[in-house]
$ cat upload.txt   # compact mmCIF, C-alpha atoms and all ligand atoms
# COMPACT_ATOMS: atom_id res chain seq x y z
CA MET A 1 -16.61 -20.36 41.83
CA THR A 2 -15.63 -24.04 41.81
CA ASN A 3 -12.31 -25.74 41.24
CA ILE A 4 -11.64 -27.08 37.76
CA PRO A 5 -10.14 -30.58 37.72
CA ASN A 6 -6.87 -30.55 35.75
CA THR A 7 -3.92 -32.91 35.81
CA PHE A 8 -1.43 -30.00 35.99
CA GLY A 9 -2.77 -29.53 39.51
CA LEU A 10 -3.25 -25.80 38.89
CA ASP A 11 -5.50 -23.87 41.21
CA VAL A 12 -8.05 -22.59 38.69
CA LYS A 13 -11.74 -21.96 39.10
CA ALA A 14 -14.88 -21.73 36.97
CA LYS A 15 -18.24 -20.07 37.63
CA ILE A 16 -20.04 -23.41 37.32
CA LEU A 17 -19.02 -27.03 36.91
CA ALA A 18 -21.92 -29.22 35.75
CA GLU A 19 -21.97 -32.97 35.20
CA TYR A 20 -24.54 -34.89 33.17
CA HIS A 21 -25.54 -38.56 33.12
CA SER A 22 -27.50 -38.74 29.86
CA ILE A 23 -27.85 -36.98 26.52
CA ASP A 24 -31.13 -35.47 27.72
CA GLU A 25 -29.39 -33.97 30.74
CA LEU A 26 -26.66 -32.62 28.46
CA ARG A 27 -29.27 -31.00 26.18
CA ALA A 28 -30.98 -29.46 29.22
CA LEU A 29 -27.67 -28.00 30.44
CA LEU A 30 -26.92 -26.54 27.00
CA GLU A 31 -30.36 -24.91 27.03
CA GLN A 32 -30.01 -23.69 30.62
CA TYR A 33 -26.63 -22.07 30.02
CA LYS A 34 -27.31 -20.65 26.55
CA GLY A 35 -25.38 -17.40 26.19
CA GLU A 36 -22.72 -18.42 28.73
CA ARG A 37 -19.19 -19.36 27.75
CA ILE A 38 -19.24 -23.18 27.78
CA LEU A 39 -16.28 -25.53 27.81
CA HIS A 40 -16.63 -29.30 27.82
CA ILE A 41 -13.73 -31.11 29.44
CA GLY A 42 -12.69 -34.72 29.97
CA ALA A 43 -10.22 -35.48 32.74
CA GLY A 44 -8.43 -32.17 32.15
CA SER A 45 -5.34 -34.12 31.14
CA ASN A 46 -4.51 -32.10 28.05
CA LEU A 47 -5.54 -28.62 29.12
CA LEU A 48 -3.62 -25.64 30.40
CA PHE A 49 -5.93 -23.20 32.15
CA THR A 50 -4.17 -19.87 31.79
CA ARG A 51 -6.58 -18.18 34.24
CA ASP A 52 -9.92 -18.78 35.94
CA PHE A 53 -12.71 -19.66 33.51
CA ASP A 54 -15.56 -17.17 33.41
CA GLY A 55 -18.21 -19.63 32.31
CA VAL A 56 -19.61 -23.13 32.59
CA ILE A 57 -17.50 -26.27 32.52
CA LEU A 58 -19.35 -29.40 31.43
CA HIS A 59 -18.23 -32.92 32.21
CA SER A 60 -19.74 -36.26 31.34
CA ALA A 61 -20.60 -38.93 33.89
CA MET A 62 -21.73 -41.29 31.10
CA ARG A 63 -19.34 -44.21 31.35
CA ARG A 64 -20.82 -47.25 29.65
CA ALA A 65 -19.55 -49.29 26.71
CA ARG A 66 -21.37 -51.89 24.62
CA SER A 67 -20.72 -53.94 21.54
CA THR A 68 -22.85 -52.86 18.60
CA LYS A 69 -21.73 -55.29 15.89
CA GLU A 70 -19.54 -58.34 15.45
CA ASP A 71 -18.08 -60.47 12.67
CA ALA A 72 -15.59 -63.34 12.61
CA GLU A 73 -12.58 -61.03 13.03
CA HIS A 74 -13.84 -57.90 14.80
CA VAL A 75 -16.13 -56.49 17.41
CA TRP A 76 -17.34 -52.89 17.32
CA ILE A 77 -17.45 -51.25 20.74
CA GLU A 78 -19.35 -48.04 21.30
CA ALA A 79 -18.10 -46.22 24.41
CA GLU A 80 -19.56 -43.20 26.14
CA ASN A 81 -17.46 -40.05 26.37
CA GLY A 82 -16.90 -40.04 30.16
CA LEU A 83 -15.46 -43.55 30.34
CA VAL A 84 -11.78 -43.51 31.33
CA LEU A 85 -9.95 -44.63 28.19
CA ASP A 86 -7.56 -46.86 30.11
CA ASP A 87 -10.43 -48.63 31.90
CA LEU A 88 -11.86 -49.54 28.52
CA ILE A 89 -8.46 -50.76 27.28
CA ALA A 90 -7.92 -52.84 30.43
CA GLN A 91 -11.28 -54.55 29.93
CA LEU A 92 -10.62 -55.26 26.26
CA CYS A 93 -7.19 -56.73 27.03
CA ASP A 94 -8.71 -58.91 29.78
CA MET A 95 -11.07 -60.32 27.14
CA GLY A 96 -8.12 -61.00 24.79
CA LEU A 97 -9.35 -58.30 22.38
CA SER A 98 -6.75 -56.10 20.71
CA GLY A 99 -6.01 -52.94 18.78
CA MET A 100 -5.83 -50.45 21.65
CA GLU A 101 -3.27 -52.07 23.98
CA ASN A 102 -0.47 -49.70 22.81
CA LEU A 103 -2.60 -46.79 24.06
CA SER A 104 -2.61 -48.19 27.60
CA TYR A 105 -2.18 -45.83 30.52
CA ILE A 106 -2.76 -42.66 28.49
CA PRO A 107 -4.60 -40.40 30.93
CA GLY A 108 -8.00 -39.11 29.87
CA GLU A 109 -11.47 -40.09 28.83
CA VAL A 110 -12.98 -41.53 25.67
CA GLY A 111 -14.51 -38.27 24.38
CA ALA A 112 -11.40 -36.12 24.65
CA SER A 113 -9.16 -38.87 23.27
CA ALA A 114 -11.23 -38.80 20.07
CA VAL A 115 -10.88 -35.01 19.82
CA GLN A 116 -7.14 -35.16 20.37
CA ASN A 117 -6.41 -38.37 18.42
CA VAL A 118 -4.18 -39.58 21.26
CA GLY A 119 -1.35 -41.85 20.25
CA ALA A 120 1.49 -43.89 21.67
CA TYR A 121 3.92 -46.63 20.66
CA GLY A 122 2.98 -46.65 16.99
CA VAL A 123 -0.82 -46.58 17.37
CA GLU A 124 -3.19 -43.63 17.26
CA ALA A 125 -6.85 -43.50 18.30
CA LYS A 126 -7.77 -42.84 14.65
CA ASP A 127 -6.51 -46.32 13.70
CA VAL A 128 -9.35 -47.93 15.66
CA ILE A 129 -12.11 -45.29 15.64
CA THR A 130 -14.81 -45.97 13.04
CA GLU A 131 -17.24 -43.21 13.96
CA VAL A 132 -18.13 -40.70 16.64
CA ARG A 133 -21.51 -39.38 17.68
CA ALA A 134 -21.70 -35.75 18.76
CA ILE A 135 -24.17 -33.15 19.93
CA ASP A 136 -24.32 -29.77 18.21
CA MET A 137 -23.90 -27.24 21.01
CA SER A 138 -26.04 -24.65 19.23
CA ASP A 139 -29.27 -26.67 18.99
CA GLY A 140 -28.71 -30.03 20.74
CA SER A 141 -29.11 -32.03 17.52
CA GLU A 142 -27.08 -35.20 17.05
CA ARG A 143 -24.65 -35.85 14.23
CA THR A 144 -22.54 -38.90 13.41
CA PHE A 145 -19.06 -38.35 11.98
CA THR A 146 -17.27 -41.10 10.09
CA ASN A 147 -13.57 -41.54 10.75
CA ALA A 148 -12.80 -39.65 7.50
CA GLU A 149 -15.11 -36.79 8.50
CA CYS A 150 -13.15 -36.38 11.74
CA ARG A 151 -10.12 -35.39 9.56
CA TYR A 152 -7.66 -36.96 11.90
CA GLY A 153 -4.00 -35.98 11.85
CA TYR A 154 -1.14 -36.16 14.34
CA ARG A 155 -2.80 -35.09 17.65
CA ASP A 156 -5.37 -33.29 15.52
CA SER A 157 -8.97 -33.48 14.28
CA ILE A 158 -11.78 -31.34 12.90
CA PHE A 159 -12.91 -30.84 16.52
CA LYS A 160 -9.70 -28.88 17.23
CA ASN A 161 -10.06 -26.78 14.08
CA GLU A 162 -13.22 -25.86 12.08
CA LEU A 163 -15.55 -27.39 14.64
CA ARG A 164 -13.68 -26.28 17.75
CA GLY A 165 -16.19 -25.51 20.53
CA LYS A 166 -19.13 -26.45 18.30
CA TYR A 167 -19.75 -30.15 19.04
CA ILE A 168 -19.57 -32.37 22.10
CA ILE A 169 -18.51 -35.91 21.29
CA THR A 170 -20.77 -38.23 23.28
CA HIS A 171 -19.97 -41.70 21.86
CA VAL A 172 -16.98 -43.22 20.13
CA THR A 173 -17.07 -46.51 18.21
CA TYR A 174 -13.89 -48.55 17.97
CA CYS A 175 -13.28 -51.54 15.69
CA ILE A 176 -11.49 -54.08 17.89
CA ASN A 177 -9.70 -57.23 16.74
CA LYS A 178 -10.45 -60.76 17.87
CA THR A 179 -7.14 -62.02 16.42
CA PHE A 180 -3.98 -60.49 17.82
CA ASP A 181 -1.48 -58.82 15.47
CA PRO A 182 0.87 -57.04 17.89
CA LYS A 183 2.37 -53.68 16.87
CA LEU A 184 5.82 -53.72 18.45
CA ASP A 185 7.98 -51.64 16.12
CA TYR A 186 8.09 -48.44 18.21
CA GLY A 187 11.31 -47.83 20.18
CA ASN A 188 12.21 -50.63 22.56
CA LEU A 189 8.67 -52.05 22.86
CA ARG A 190 9.59 -55.37 21.20
CA GLY A 191 12.42 -55.82 23.69
CA GLU A 192 10.06 -55.21 26.61
CA VAL A 193 7.54 -57.79 25.42
CA GLY A 194 8.21 -61.54 25.69
CA GLU A 195 7.67 -64.20 23.00
CA ASN A 196 4.10 -64.78 21.74
CA PRO A 197 2.60 -61.94 23.70
CA THR A 198 -1.07 -61.54 24.54
CA PRO A 199 -2.75 -58.10 24.38
CA SER A 200 -2.32 -57.93 28.17
CA ASP A 201 1.44 -58.60 27.86
CA VAL A 202 1.78 -55.65 25.48
CA ARG A 203 -0.38 -53.52 27.75
CA GLU A 204 1.86 -54.32 30.72
CA ALA A 205 5.04 -53.58 28.75
CA VAL A 206 3.63 -50.22 27.61
CA ILE A 207 2.69 -49.35 31.18
CA ARG A 208 6.22 -50.24 32.39
CA ILE A 209 7.82 -48.00 29.75
CA ARG A 210 5.43 -45.11 30.42
CA ARG A 211 6.07 -45.34 34.17
CA GLN A 212 9.81 -45.03 33.61
CA LYS A 213 9.50 -41.90 31.48
CA LEU A 214 6.32 -40.04 32.28
CA PRO A 215 5.12 -38.47 35.51
CA GLU A 216 2.38 -40.40 37.31
CA VAL A 217 -0.95 -38.57 37.26
CA GLY A 218 -1.86 -37.65 40.83
CA GLU A 219 1.78 -37.63 41.97
CA LEU A 220 3.30 -34.88 39.84
CA GLY A 221 1.15 -32.44 37.86
CA SER A 222 1.55 -32.46 34.08
CA ALA A 223 -0.42 -32.77 30.87
CA GLY A 224 1.76 -35.48 29.30
CA SER A 225 3.69 -34.24 26.28
CA PHE A 226 3.50 -30.48 26.33
CA PHE A 227 4.75 -30.02 22.75
CA LYS A 228 4.15 -31.83 19.48
CA ASN A 229 7.09 -33.35 17.67
CA PRO A 230 7.90 -31.07 14.72
CA ILE A 231 7.94 -32.47 11.19
CA VAL A 232 10.48 -30.53 9.12
CA PRO A 233 11.62 -30.56 5.46
CA ARG A 234 14.52 -32.94 4.78
CA GLU A 235 16.93 -29.99 4.13
CA VAL A 236 16.28 -28.66 7.63
CA TYR A 237 17.06 -32.06 9.16
CA GLU A 238 20.20 -32.39 6.99
CA SER A 239 21.54 -29.02 8.06
CA ILE A 240 21.11 -30.03 11.71
CA ALA A 241 22.61 -33.49 11.09
CA ALA A 242 25.70 -31.80 9.59
CA ASN A 243 26.38 -30.11 12.94
CA TYR A 244 25.25 -32.68 15.54
CA ASP A 245 26.04 -36.36 16.07
CA ARG A 246 23.26 -38.95 15.72
CA VAL A 247 20.22 -36.70 15.44
CA PRO A 248 17.17 -38.92 16.15
CA HIS A 249 14.69 -38.69 13.29
CA PHE A 250 11.80 -40.56 11.68
CA GLU A 251 10.24 -40.26 8.21
CA GLN A 252 6.69 -38.98 8.55
CA ASP A 253 4.06 -37.42 6.27
CA GLY A 254 6.64 -36.63 3.59
CA GLY A 255 8.95 -34.84 6.03
CA ILE A 256 11.31 -35.70 8.87
CA LYS A 257 10.08 -35.84 12.45
CA ILE A 258 12.71 -34.75 14.95
CA PRO A 259 11.76 -35.51 18.57
CA ALA A 260 11.04 -32.26 20.40
CA ALA A 261 12.55 -33.99 23.45
CA TRP A 262 15.93 -34.03 21.69
CA LEU A 263 15.71 -30.40 20.54
CA ILE A 264 14.78 -29.28 24.06
CA GLU A 265 17.54 -31.35 25.66
CA GLN A 266 20.12 -29.84 23.28
CA CYS A 267 19.00 -26.40 24.42
CA GLY A 268 19.85 -27.37 27.99
CA TRP A 269 16.32 -27.28 29.38
CA LYS A 270 16.03 -30.90 30.54
CA GLY A 271 15.45 -30.85 34.32
CA LYS A 272 15.51 -27.01 34.49
CA THR A 273 13.03 -25.06 36.61
CA LEU A 274 11.37 -21.68 36.05
CA GLY A 275 9.17 -20.53 38.92
CA GLY A 276 7.13 -23.54 40.03
CA ALA A 277 7.32 -25.22 36.62
CA GLN A 278 9.94 -27.69 35.45
CA CYS A 279 11.04 -29.33 32.23
CA TYR A 280 10.80 -32.98 33.30
CA SER A 281 14.16 -34.63 33.87
CA LYS A 282 13.15 -38.05 32.46
CA GLN A 283 11.35 -36.72 29.36
CA PRO A 284 11.90 -33.05 28.46
CA LEU A 285 8.82 -33.01 26.21
CA VAL A 286 6.81 -32.94 29.42
CA LEU A 287 6.43 -29.84 31.60
CA VAL A 288 5.54 -30.49 35.23
CA ASN A 289 4.14 -28.57 38.14
CA ALA A 290 7.16 -29.11 40.38
CA ASN A 291 6.38 -26.63 43.13
CA ASN A 292 2.95 -24.98 43.43
CA ALA A 293 3.13 -23.59 39.91
CA ILE A 294 0.74 -20.91 38.80
CA PRO A 295 -0.42 -20.86 35.15
CA ASP A 296 2.11 -18.15 34.26
CA ASP A 297 4.99 -20.37 35.40
CA ILE A 298 4.03 -23.03 32.86
CA ILE A 299 3.29 -20.43 30.16
CA ASN A 300 6.66 -18.70 30.72
CA LEU A 301 8.63 -21.96 30.77
CA ALA A 302 6.95 -23.14 27.55
CA ALA A 303 7.64 -19.78 25.86
CA ALA A 304 11.30 -19.78 26.96
CA ILE A 305 11.81 -23.33 25.64
CA CYS A 306 10.12 -22.49 22.31
CA ALA A 307 12.24 -19.37 21.92
CA ASP A 308 15.50 -21.27 22.56
CA VAL A 309 14.60 -24.09 20.15
CA LYS A 310 13.71 -21.47 17.53
CA GLN A 311 16.93 -19.57 18.08
CA ARG A 312 19.22 -22.60 18.00
CA PHE A 313 17.53 -24.74 15.34
CA ASP A 314 15.19 -22.32 13.55
CA ILE A 315 12.37 -24.79 14.26
CA THR A 316 9.08 -23.72 15.80
CA ILE A 317 7.73 -26.28 18.25
CA SER A 318 4.06 -25.88 19.10
CA PRO A 319 2.14 -26.95 22.16
CA GLU A 320 0.17 -30.15 22.14
CA VAL A 321 -1.88 -29.06 25.15
CA ASN A 322 -4.81 -26.72 24.68
CA TYR A 323 -4.41 -23.30 26.25
CA ILE A 324 -7.74 -22.19 27.76
N1 LIG A 401 14.65 -38.14 23.55
C1 LIG A 401 15.70 -37.33 23.91
N2 LIG A 401 15.86 -37.03 25.24
C2 LIG A 401 15.04 -37.50 26.19
C3 LIG A 401 13.95 -38.32 25.83
C4 LIG A 401 13.76 -38.63 24.49
O1 LIG A 401 16.49 -36.90 23.09
O2 LIG A 401 15.26 -37.20 27.36
C5 LIG A 401 14.49 -38.48 22.13
C6 LIG A 401 15.09 -39.84 21.86
O3 LIG A 401 15.75 -39.78 20.63
C7 LIG A 401 13.87 -40.73 21.74
C8 LIG A 401 12.88 -39.78 21.13
O4 LIG A 401 13.13 -38.54 21.80
O5 LIG A 401 14.10 -41.81 20.88
C9 LIG A 401 11.44 -40.20 21.30
O6 LIG A 401 11.13 -40.32 22.69
P1 LIG A 401 9.82 -41.12 23.15
O7 LIG A 401 9.80 -42.46 22.55
O8 LIG A 401 9.71 -40.98 24.62
O9 LIG A 401 8.63 -40.37 22.44
P2 LIG A 401 8.27 -38.86 22.15
O10 LIG A 401 8.34 -38.63 20.69
O11 LIG A 401 9.10 -37.97 23.00
C10 LIG A 401 5.74 -39.39 21.74
C11 LIG A 401 4.40 -38.93 22.21
C12 LIG A 401 4.08 -39.50 23.59
C13 LIG A 401 4.08 -41.01 23.48
C14 LIG A 401 5.45 -41.48 22.96
C15 LIG A 401 5.46 -42.95 22.66
C16 LIG A 401 4.10 -36.76 21.18
C17 LIG A 401 3.95 -35.29 21.39
N3 LIG A 401 4.37 -37.47 22.26
O12 LIG A 401 6.72 -38.83 22.62
O13 LIG A 401 2.76 -39.08 23.91
O14 LIG A 401 3.82 -41.62 24.73
O15 LIG A 401 5.75 -40.81 21.70
O16 LIG A 401 4.70 -43.20 21.53
O17 LIG A 401 3.94 -37.23 20.05
C18 LIG A 401 1.45 -37.47 25.04
O18 LIG A 401 0.96 -37.21 23.94
O19 LIG A 401 1.09 -36.87 26.07
C19 LIG A 401 2.49 -38.48 25.11
C20 LIG A 401 3.11 -38.78 26.25
$ encode --input "upload.txt" --output "structure tokens"
Amino acid sequence: MTNIPNTFGLDVKAKILAEYHSIDELRALLEQYKGERILHIGAGSNLLFTRDFDGVILHSAMRRARSTKEDAEHVWIEAENGLVLDDLIAQLCDMGLSGMENLSYIPGEVGASAVQNVGAYGVEAKDVITEVRAIDMSDGSERTFTNAECRYGYRDSIFKNELRGKYIITHVTYCINKTFDPKLDYGNLRGEVGENPTPSDVREAVIRIRRQKLPEVGELGSAGSFFKNPIVPREVYESIAANYDRVPHFEQDGGIKIPAAWLIEQCGWKGKTLGGAQCYSKQPLVLVNANNAIPDDIINLAAAICADVKQRFDITISPEVNYI
């Protein structure tokens, strides 16, 4: 058994952990381990291993990026799945190219970020992804998905639903801007960024904000936001607003998004510990491995928080992380 890398810092093991450096190596591994349970992971930054994994964990060591097309306004960058997303963003910002700077410092790799449609500060991966290339795990054939075919939603895609466990994304193409049109409307981002910012200025501001609120990977185990923000019918929001002062809320997808962080804080969980797991004191949407947590500590804390939010607000909050 070998240790599975995961940003929660949980001590979990798999039968085999195999890394590949090319599509041919990936196909050979899929052939070799046919019949085994196979899970492809990125940096393990959005996974909760509930127990040891009785199967094969695959990871990509393909980390290149290249431009495939260019016009006066844009450049299309095709990145391999194992490239660290933030390394790509840093390089693009250094070149004065924009579109992904708001996603700076999100942990994880290119492939997983396209499964999860990661997002931050008013930008989601789907806003810049034009297509993804993927390998069919059943026969090794390649398929290209357009952005529309990926059926992106809030932290969601076809690869988390109908095609879950069926394809491995190997390449992601992003349409990147040569002219900078900063997106600064989220929260206090505009206030953090000076006048006439460059993509790098926005990147640095985003990193400053994230560092204030979110645990640093490698210092304190977590998987970023543990829950998704619920989107509720307007009547539900109004009934809460009638009983609480200044309920934070945002119009989204025809409903009202209420930050899960606020719901959890109202339930008194912010900073609270259960076993080795803790509801993070600077951002209660995040659960952390505060003291040698075992998977059950995180599972129990998440369940207790969900139950309290349900009881107090009659809202079901669901995990953003994938339970394995
Ligand atoms: N809030 C509280 N108490 C707190 C913290 C926040 O009530 O202690 C409320 C405030 O009203 C605040 C609101 O929550 O205005 C939103 O907080 P924040 O801007 O930190 O964002 P979030 O909705 O909690 C989402 C993403 C984050 C992303 C930020 C910024 C999800 C599940 N999470 O968090 O993504 O960085 O917005 O865009 O949508 C992640 O996915 O791992 C992640 C960190």
$ residues_near_ligand --input "upload.txt" --ligand "ligand LIG 401 (chain A)" --cutoff "8 Å" --atoms "all atoms listed in the file" --output "JSON, numbers by chain"
{"A": [46, 106, 118, 119, 120, 121, 122, 123, 154, 155, 186, 187, 210, 213, 214, 223, 224, 225, 226, 227, 228, 229, 247, 248, 249, 258, 259, 260, 261, 262, 263, 264, 265, 266, 270, 281, 282, 283, 284, 285, 286, 320]}
$ residues_around --input "upload.txt" --residues "Glu101 of chain A" --least-positions-apart "4" --cutoff "9 Å" --atoms "only C-alpha atoms" --output "ChimeraX atom specification"
/A:89-90,92-93,97,123,182,199-204,206
$ atom_distance --input "upload.txt" --atom1 "atom CA of Ile169 of chain A" --atom2 "atom CA of Gly111 of chain A"
5.6 Å
$ residues_near_point --input "upload.txt" --point "(-20.0, -40.0, 15.7)" --cutoff "7 Å" --atoms "only C-alpha atoms" --output "list in words"
Glu131, Val132, Arg133, Ala134, Arg143, Thr144, Phe145, Thr146, His171 and Val172 of chain A
$ write_last_selection --input "upload.txt" --atoms "C-alpha atoms" --output "compact mmCIF listing (two decimals), keeping the file's coordinate frame"
# COMPACT_ATOMS: atom_id res chain seq x y z
CA GLU A 131 -17.24 -43.21 13.96
CA VAL A 132 -18.13 -40.70 16.64
CA ARG A 133 -21.51 -39.38 17.68
CA ALA A 134 -21.70 -35.75 18.76
CA ARG A 143 -24.65 -35.85 14.23
CA THR A 144 -22.54 -38.90 13.41
CA PHE A 145 -19.06 -38.35 11.98
CA THR A 146 -17.27 -41.10 10.09
CA HIS A 171 -19.97 -41.70 21.86
CA VAL A 172 -16.98 -43.22 20.13
$ atom_distance --input "upload.txt" --atom1 "atom CA of Tyr152 of chain A" --atom2 "atom CA of Arg164 of chain A"
13.6 Å
$ closest_residue --input "upload.txt" --among "A:Asp24, A:Glu109, A:Asp136, A:Glu192" --to "Gly44 of chain A" --atoms "all atoms listed in the file"
A:Glu109
$ atom_distance --input "upload.txt" --atom1 "atom CA of Gly191 of chain A" --atom2 "atom CA of Leu85 of chain A"
25.4 Å
$ residues_around --input "upload.txt" --residues "Val309 of chain A" --least-positions-apart "3" --cutoff "9 Å" --atoms "all atoms listed in the file" --output "ChimeraX atom specification"
/A:260,263-264,266-267,304-306,312-317
$ build_atoms --input "upload.txt" --residues "segment 239-253 of chain A" --atoms "N, CA and C atoms" --output "CSV table (one decimal), keeping the file's coordinate frame"
chain,number,residue,atom,x,y,z
A,239,SER,N,20.7,-30.1,7.6
A,239,SER,CA,21.5,-29.0,8.1
A,239,SER,C,21.8,-29.2,9.6
A,240,ILE,N,20.9,-29.8,10.3
A,240,ILE,CA,21.1,-30.0,11.7
A,240,ILE,C,22.1,-31.2,11.8
A,241,ALA,N,21.8,-32.3,11.0
A,241,ALA,CA,22.6,-33.5,11.1
A,241,ALA,C,24.1,-33.2,10.7
A,242,ALA,N,24.3,-32.1,10.0
A,242,ALA,CA,25.7,-31.8,9.6
A,242,ALA,C,26.5,-31.2,10.8
A,243,ASN,N,25.7,-30.8,11.8
A,243,ASN,CA,26.4,-30.1,12.9
A,243,ASN,C,26.3,-30.9,14.2
A,244,TYR,N,25.4,-31.9,14.3
A,244,TYR,CA,25.2,-32.7,15.5
A,244,TYR,C,25.4,-34.2,15.2
A,245,ASP,N,25.9,-34.9,16.2
A,245,ASP,CA,26.0,-36.4,16.1
A,245,ASP,C,24.7,-37.0,16.3
A,246,ARG,N,24.4,-38.1,15.5
A,246,ARG,CA,23.3,-39.0,15.7
A,246,ARG,C,22.0,-38.2,16.1
A,247,VAL,N,21.5,-37.4,15.2
A,247,VAL,CA,20.2,-36.7,15.4
A,247,VAL,C,19.1,-37.7,15.3
A,248,PRO,N,18.3,-38.0,16.3
A,248,PRO,CA,17.2,-38.9,16.2
A,248,PRO,C,16.2,-38.3,15.2
A,249,HIS,N,15.7,-39.2,14.3
A,249,HIS,CA,14.7,-38.7,13.3
A,249,HIS,C,13.9,-39.8,12.7
A,250,PHE,N,12.7,-39.6,12.2
A,250,PHE,CA,11.8,-40.6,11.7
A,250,PHE,C,11.1,-39.9,10.5
A,251,GLU,N,11.0,-40.7,9.4
A,251,GLU,CA,10.2,-40.3,8.2
A,251,GLU,C,8.8,-40.2,8.6
A,252,GLN,N,8.1,-39.1,8.3
A,252,GLN,CA,6.7,-39.0,8.6
A,252,GLN,C,6.0,-37.9,7.7
A,253,ASP,N,4.9,-38.3,7.1
A,253,ASP,CA,4.1,-37.4,6.3
A,253,ASP,C,4.9,-36.6,5.3
